[in-house]
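Containing compact mmCIF, C-alpha atoms: structure.txt.
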```
# COMPACT_ATOMS: atom_id res chain seq x y z
CA MET Q 1 -5.86 -34.53 21.04
CA PRO Q 2 -8.75 -32.11 20.49
CA LEU Q 3 -8.45 -28.72 22.12
CA PRO Q 4 -11.99 -27.29 22.10
CA PHE Q 5 -11.02 -24.25 24.16
CA LEU Q 6 -8.96 -22.97 21.22
CA THR Q 7 -11.87 -22.61 18.81
CA ALA Q 8 -15.12 -20.74 18.75
CA ASP Q 9 -16.79 -23.58 16.84
CA ARG Q 10 -18.06 -25.31 19.92
CA ALA Q 11 -20.57 -22.51 20.50
CA PHE Q 12 -22.21 -23.43 17.17
CA ASP Q 13 -22.06 -27.21 17.66
CA THR Q 14 -24.95 -27.31 20.10
CA THR Q 15 -28.44 -28.17 18.90
CA ASP Q 16 -30.32 -26.54 21.74
CA ASP Q 17 -31.15 -22.85 21.64
CA ILE Q 18 -30.18 -22.05 25.22
CA ALA Q 19 -28.24 -18.85 25.70
CA LEU Q 20 -24.67 -19.50 26.68
CA PRO Q 21 -23.62 -18.21 30.12
CA PHE Q 22 -21.19 -15.70 28.62
CA ASP Q 23 -23.81 -14.17 26.32
CA ASP Q 24 -24.36 -10.54 27.28
CA HIS Q 25 -26.74 -8.85 24.88
CA ASP Q 26 -25.76 -5.38 26.09
CA GLN Q 27 -22.25 -5.69 24.68
CA TRP Q 28 -21.56 -5.04 21.01
CA ARG Q 29 -20.76 -8.29 19.19
CA ARG Q 30 -20.09 -9.29 15.63
CA PRO Q 31 -22.62 -11.98 14.59
CA TYR Q 32 -20.06 -13.67 12.33
CA ARG Q 33 -16.35 -14.35 12.14
CA PRO Q 34 -14.08 -12.10 10.10
CA GLY Q 35 -13.42 -13.59 6.68
CA PRO Q 36 -10.13 -15.01 5.49
CA TYR Q 37 -9.47 -12.13 3.10
CA ARG Q 38 -9.84 -9.55 5.87
CA VAL Q 39 -7.71 -11.55 8.31
CA GLY Q 40 -5.09 -12.26 5.63
CA ALA Q 41 -4.81 -8.61 4.66
CA ALA Q 42 -4.44 -7.59 8.31
CA ALA Q 43 -1.80 -10.29 8.85
CA LEU Q 44 0.18 -9.05 5.84
CA ALA Q 45 -0.09 -5.48 7.13
CA LEU Q 46 1.19 -6.57 10.54
CA LEU Q 47 4.03 -8.46 8.86
CA LEU Q 48 4.94 -5.29 6.96
CA ALA Q 49 4.76 -3.34 10.24
CA SER Q 50 7.22 -5.75 11.86
CA PHE Q 51 9.73 -5.11 9.07
CA VAL Q 52 9.22 -1.36 9.38
CA LEU Q 53 9.74 -1.60 13.16
CA LEU Q 54 12.94 -3.56 12.58
CA ALA Q 55 14.05 -0.85 10.17
CA SER Q 56 13.34 1.82 12.77
CA VAL Q 57 15.51 -0.04 15.30
CA ILE Q 58 18.35 -0.27 12.75
CA ILE Q 59 17.99 3.42 11.91
CA ALA Q 60 18.02 4.31 15.62
CA ALA Q 61 21.14 2.16 16.16
CA ALA Q 62 22.82 4.02 13.29
CA GLY Q 63 22.24 7.27 15.14
CA ALA Q 64 19.56 8.94 12.99
CA VAL Q 65 16.95 9.60 15.67
CA GLY Q 66 14.71 11.70 13.44
CA GLY Q 67 14.54 8.97 10.80
CA ALA Q 68 13.90 6.34 13.47
CA VAL Q 69 10.99 8.35 14.88
CA ALA Q 70 9.50 8.83 11.41
CA THR Q 71 9.88 5.13 10.59
CA PHE Q 72 8.40 4.13 13.94
CA SER Q 73 5.45 6.46 13.26
CA VAL Q 74 4.85 4.75 9.90
CA ALA Q 75 4.91 1.36 11.64
CA ALA Q 76 2.46 2.56 14.28
CA LEU Q 77 0.16 3.86 11.54
CA ILE Q 78 0.29 0.48 9.75
CA ILE Q 79 -0.54 -1.35 13.01
CA VAL Q 80 -3.49 0.95 13.74
CA ALA Q 81 -4.77 0.46 10.17
CA ALA Q 82 -4.48 -3.34 10.46
CA LEU Q 83 -6.36 -3.39 13.77
CA ARG Q 84 -9.05 -1.10 12.38
CA MET Q 85 -9.34 -3.35 9.32
CA LEU Q 86 -10.13 -6.26 11.65
CA ARG Q 87 -12.76 -4.19 13.45
CA VAL Q 88 -14.68 -3.31 10.26
CA GLY Q 89 -18.06 -5.01 9.96
CA ILE Q 90 -21.52 -5.20 11.45
CA TRP Q 91 -21.95 -5.28 15.23
CA VAL Q 92 -25.22 -5.86 17.09
CA SER Q 93 -26.40 -5.40 20.64
CA ARG Q 94 -29.61 -4.79 22.47
CA ALA Q 95 -29.19 -1.08 21.63
CA GLY Q 96 -29.18 -1.51 17.84
CA VAL Q 97 -27.05 -2.34 14.85
CA ARG Q 98 -23.69 -0.67 14.21
CA LYS Q 99 -21.90 -0.54 10.87
CA VAL Q 100 -18.20 -0.02 11.48
CA GLY Q 101 -16.28 1.21 8.46
CA PHE Q 102 -12.60 1.91 8.12
CA LEU Q 103 -13.06 5.65 8.70
CA LYS Q 104 -16.72 5.99 9.70
CA THR Q 105 -19.07 4.26 12.13
CA SER Q 106 -22.85 4.59 12.11
CA THR Q 107 -25.28 3.22 14.68
CA THR Q 108 -28.99 2.67 14.15
CA PRO Q 109 -31.14 1.87 17.19
CA TRP Q 110 -33.55 -1.01 16.72
CA ALA Q 111 -36.44 1.43 17.15
CA GLY Q 112 -35.24 3.25 14.01
CA VAL Q 113 -35.24 0.11 11.84
CA THR Q 114 -38.25 -0.23 9.54
CA SER Q 115 -37.11 -3.22 7.49
CA LEU Q 116 -34.26 -5.67 7.25
CA ARG Q 117 -34.13 -7.95 4.24
CA THR Q 118 -31.79 -9.87 1.96
CA VAL Q 119 -32.00 -8.76 -1.68
CA GLN Q 120 -30.40 -9.70 -4.99
CA GLN Q 121 -28.63 -6.68 -6.43
CA PRO Q 122 -25.31 -5.56 -7.90
CA VAL Q 123 -22.76 -5.42 -5.08
CA ARG Q 124 -19.17 -4.23 -4.94
CA TRP Q 125 -16.52 -6.95 -5.12
CA LEU Q 126 -14.19 -6.67 -2.09
CA GLY Q 127 -15.15 -3.02 -1.75
CA LEU Q 128 -13.63 -2.15 -5.12
CA PRO Q 129 -15.50 -0.18 -7.82
CA ARG Q 130 -16.20 -3.36 -9.79
CA THR Q 131 -19.74 -4.65 -9.22
CA VAL Q 132 -21.06 -8.18 -9.55
CA GLN Q 133 -24.50 -9.69 -9.03
CA GLY Q 134 -24.85 -10.85 -5.45
CA GLN Q 135 -26.84 -10.78 -2.25
CA ALA Q 136 -26.97 -7.92 0.19
CA LEU Q 137 -28.51 -7.43 3.61
CA VAL Q 138 -30.26 -4.05 3.44
CA LEU Q 139 -31.52 -2.12 6.46
CA GLY Q 140 -34.38 0.34 6.02
CA ARG Q 141 -34.40 3.33 8.37
CA GLN Q 142 -37.34 5.44 9.50
CA ALA Q 143 -36.15 8.41 7.46
CA GLY Q 144 -36.68 6.32 4.33
CA GLU Q 145 -33.01 5.74 3.63
CA GLN Q 146 -31.45 2.37 2.94
CA LEU Q 147 -28.21 1.18 4.57
CA LEU Q 148 -26.27 -1.67 2.99
CA LEU Q 149 -25.06 -3.81 5.90
CA LEU Q 150 -23.52 -6.95 4.43
CA THR Q 151 -22.81 -8.36 0.98
CA ASP Q 152 -21.79 -11.83 -0.06
CA HIS Q 153 -18.83 -10.41 -2.00
CA ASN Q 154 -17.12 -8.37 0.72
CA ALA Q 155 -13.91 -9.37 2.51
CA ASP Q 156 -15.82 -11.35 5.14
CA PHE Q 157 -18.04 -13.47 2.90
CA LEU Q 158 -16.33 -13.85 -0.48
CA SER Q 159 -16.70 -17.56 -1.41
CA ARG Q 160 -18.46 -18.21 1.92
CA VAL Q 161 -22.15 -18.19 0.99
CA GLU Q 162 -23.23 -20.25 4.01
CA ALA Q 163 -21.50 -17.82 6.36
CA PHE Q 164 -23.29 -14.89 4.71
CA ASP Q 165 -26.67 -16.63 5.07
CA ARG Q 166 -25.96 -17.45 8.72
CA ALA Q 167 -24.85 -13.86 9.47
CA ALA Q 168 -27.87 -12.34 7.70
CA ASP Q 169 -30.20 -14.69 9.61
CA THR Q 170 -28.50 -13.76 12.89
CA VAL Q 171 -28.87 -10.01 12.29
CA GLU Q 172 -32.52 -10.55 11.29
CA ALA Q 173 -33.05 -12.55 14.50
CA TRP Q 174 -31.59 -9.70 16.57
CA SER Q 175 -33.91 -7.30 14.75
CA ALA Q 176 -36.91 -9.53 15.42
CA GLU Q 177 -36.02 -9.80 19.11
CA TYR Q 178 -35.16 -6.18 19.86
CA GLY Q 179 -36.80 -4.27 17.02
CA PRO Q 180 -40.00 -2.29 17.35
CA VAL Q 181 -43.14 -4.33 17.87
CA PRO Q 182 -45.36 -3.96 14.79
CA ALA Q 183 -48.70 -2.27 15.43
CA ALA Q 184 -51.62 -4.67 15.66
CA THR Q 185 -53.96 -4.54 12.67
CA ARG Q 186 -57.69 -4.63 13.23
```

Show me, as structure tokens, the structure contained in the file I just sent.
Amino acid sequence: MPLPFLTADRAFDTTDDIALPFDDHDQWRRPYRPGPYRVGAAALALLLASFVLLASVIIAAAGAVGGAVATFSVAALIIVAALRMLRVGIWVSRAGVRKVGFLKTSTTPWAGVTSLRTVQQPVRWLGLPRTVQGQALVLGRQAGEQLLLLTDHNADFLSRVEAFDRAADTVEAWSAEYGPVPAATR
């Protein structure tokens, strides 16, 4: 028995390009699904947090309130880190493009975007110092600086090349729709 309401795939199964009724371009949305490595790491962190919470209950039952509070604080910190890890990525809206990092978030309005292109370059593998040759979606800003948005070797797109291409195309489509209109050449 298929249960289409349980998946987000049905939004991509349509061949027509009509906007879905729940599409609101003023809300920030991620133009791709989080990758299995990111979701797996967050799930493991939440599993660890459940064990730490259980430990805090056992410590509280033993009568050591100070230790229980400290252990509960560690569990809360792990839960916050896991939820933030799931939030990391690129988000788009009518207002611009937002790069959400683990500790830092930067937003660039579409009017401040000068270029958005996919390039071949050395990229970091899963955010670690090791670099490999891969693809990256690079955003050029008006101040002349470059912002690396997506790579095909990060936690969302490792071994998912088609998903990277689809996400890069989606961000480029948002830029084409809401970005600055190029000046007409005479």

Query raised in the report: region 30-43 of chain Q: which residues within 8 Å, counting all atoms listed in the file, same-chain residues fewer than 4 positions away excluded, as a PyMOL selection string?
Result: chain Q and resi 47+82-83+85-86+89-92+155-158+163+166-167+170-171

Report summary line: Judged by all atoms listed in the file, the minimum distance to Ser175 (chain Q) among Q:Arg160, Q:Leu116, Q:Val123, Q:Gln142 is found for Q:Leu116

Requested in this report: Would you please work out which residue, of Q:Leu150, Q:Val113, Q:Ala49, Q:Ala76, is nearest to Gly179 (chain Q) when using only C-alpha atoms?
Outcome: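 Closest to Gly179 (chain Q), using only C-alpha atoms: Q:Val113.
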
Query - d(CA of Ala62 (chain Q), CA of Ala81 (chain Q)) in Å - result: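 Computing it gives 28.0 Å between the two atoms.
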
Query - All residues 6 Å or closer to Gly134 (chain Q), only C-alpha atoms, same chain fewer than 4 positions away omitted, as a PyMOL selection string - result: chain Q and resi 120-123

Report task. Quick one: pull the distance between CA of Arg141 (chain Q) and CA of Gly112 (chain Q), Å, one decimal. Result ->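 Value for the CA of Arg141 (chain Q)-CA of Gly112 (chain Q) distance: 5.7 Å.
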
Query raised in the report: For His25 (chain Q), which residue out of Q:Gly144, Q:Ala173, Q:Ser93, Q:Ala64 is the nearest one, using all atoms listed in the file?
Result: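 Among the listed residues, Q:Ser93 lies closest to His25 (chain Q).
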
Query - Test item: residues at most 7 Å from region 106-111 of chain Q, all atoms listed in the file, excluding those fewer than 4 positions along its chain, as a ChimeraX atom specification - result: /Q:95-100,175,178-180

Would you save the residues from that selection as a PDB file, keeping the file's coordinate frame, using C-alpha atoms?
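The result, stored in result.pdb:
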```pdb
ATOM      1  CA  ALA Q  95     -29.190  -1.080  21.630  1.00  0.00           C
ATOM      2  CA  GLY Q  96     -29.180  -1.510  17.840  1.00  0.00           C
ATOM      3  CA  VAL Q  97     -27.050  -2.340  14.850  1.00  0.00           C
ATOM      4  CA  ARG Q  98     -23.690  -0.670  14.210  1.00  0.00           C
ATOM      5  CA  LYS Q  99     -21.900  -0.540  10.870  1.00  0.00           C
ATOM      6  CA  VAL Q 100     -18.200  -0.020  11.480  1.00  0.00           C
ATOM      7  CA  SER Q 175     -33.910  -7.300  14.750  1.00  0.00           C
ATOM      8  CA  TYR Q 178     -35.160  -6.180  19.860  1.00  0.00           C
ATOM      9  CA  GLY Q 179     -36.800  -4.270  17.020  1.00  0.00           C
ATOM     10  CA  PRO Q 180     -40.000  -2.290  17.350  1.00  0.00           C
TER      11      PRO Q 180
END
```

Requested in this report: For Arg124 (chain Q), please output as a PyMOL selection string all residues within 12 Å (counting all atoms listed in the file; exclusion window: fewer than 2 positions along the same chain).
Outcome: chain Q and resi 121-122+126-136+148+150-155+158

Include C-alpha atoms and write out the residues we just selected as a short mmCIF file (atom, residue, chain, number, x, y, z; two decimals), in the frame of the given file.
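So the final result, stored in out10.cif, reads:
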```
data_model
loop_
_atom_site.label_atom_id
_atom_site.label_comp_id
_atom_site.auth_asym_id
_atom_site.auth_seq_id
_atom_site.Cartn_x
_atom_site.Cartn_y
_atom_site.Cartn_z
CA GLN Q 121 -28.63 -6.68 -6.43
CA PRO Q 122 -25.31 -5.56 -7.90
CA LEU Q 126 -14.19 -6.67 -2.09
CA GLY Q 127 -15.15 -3.02 -1.75
CA LEU Q 128 -13.63 -2.15 -5.12
CA PRO Q 129 -15.50 -0.18 -7.82
CA ARG Q 130 -16.20 -3.36 -9.79
CA THR Q 131 -19.74 -4.65 -9.22
CA VAL Q 132 -21.06 -8.18 -9.55
CA GLN Q 133 -24.50 -9.69 -9.03
CA GLY Q 134 -24.85 -10.85 -5.45
CA GLN Q 135 -26.84 -10.78 -2.25
CA ALA Q 136 -26.97 -7.92 0.19
CA LEU Q 148 -26.27 -1.67 2.99
CA LEU Q 150 -23.52 -6.95 4.43
CA THR Q 151 -22.81 -8.36 0.98
CA ASP Q 152 -21.79 -11.83 -0.06
CA HIS Q 153 -18.83 -10.41 -2.00
CA ASN Q 154 -17.12 -8.37 0.72
CA ALA Q 155 -13.91 -9.37 2.51
CA LEU Q 158 -16.33 -13.85 -0.48
#
```

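Here CA of Asp24 (chain Q) stands at a distance of 20.9 Å from CA of Val88 (chain Q).
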
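In this comparison, which uses all atoms listed in the file, the residue of Q:Leu48, Q:Ala55, Q:Val65, Q:Ala60 approaching Ile78 (chain Q) most closely is Q:Leu48.
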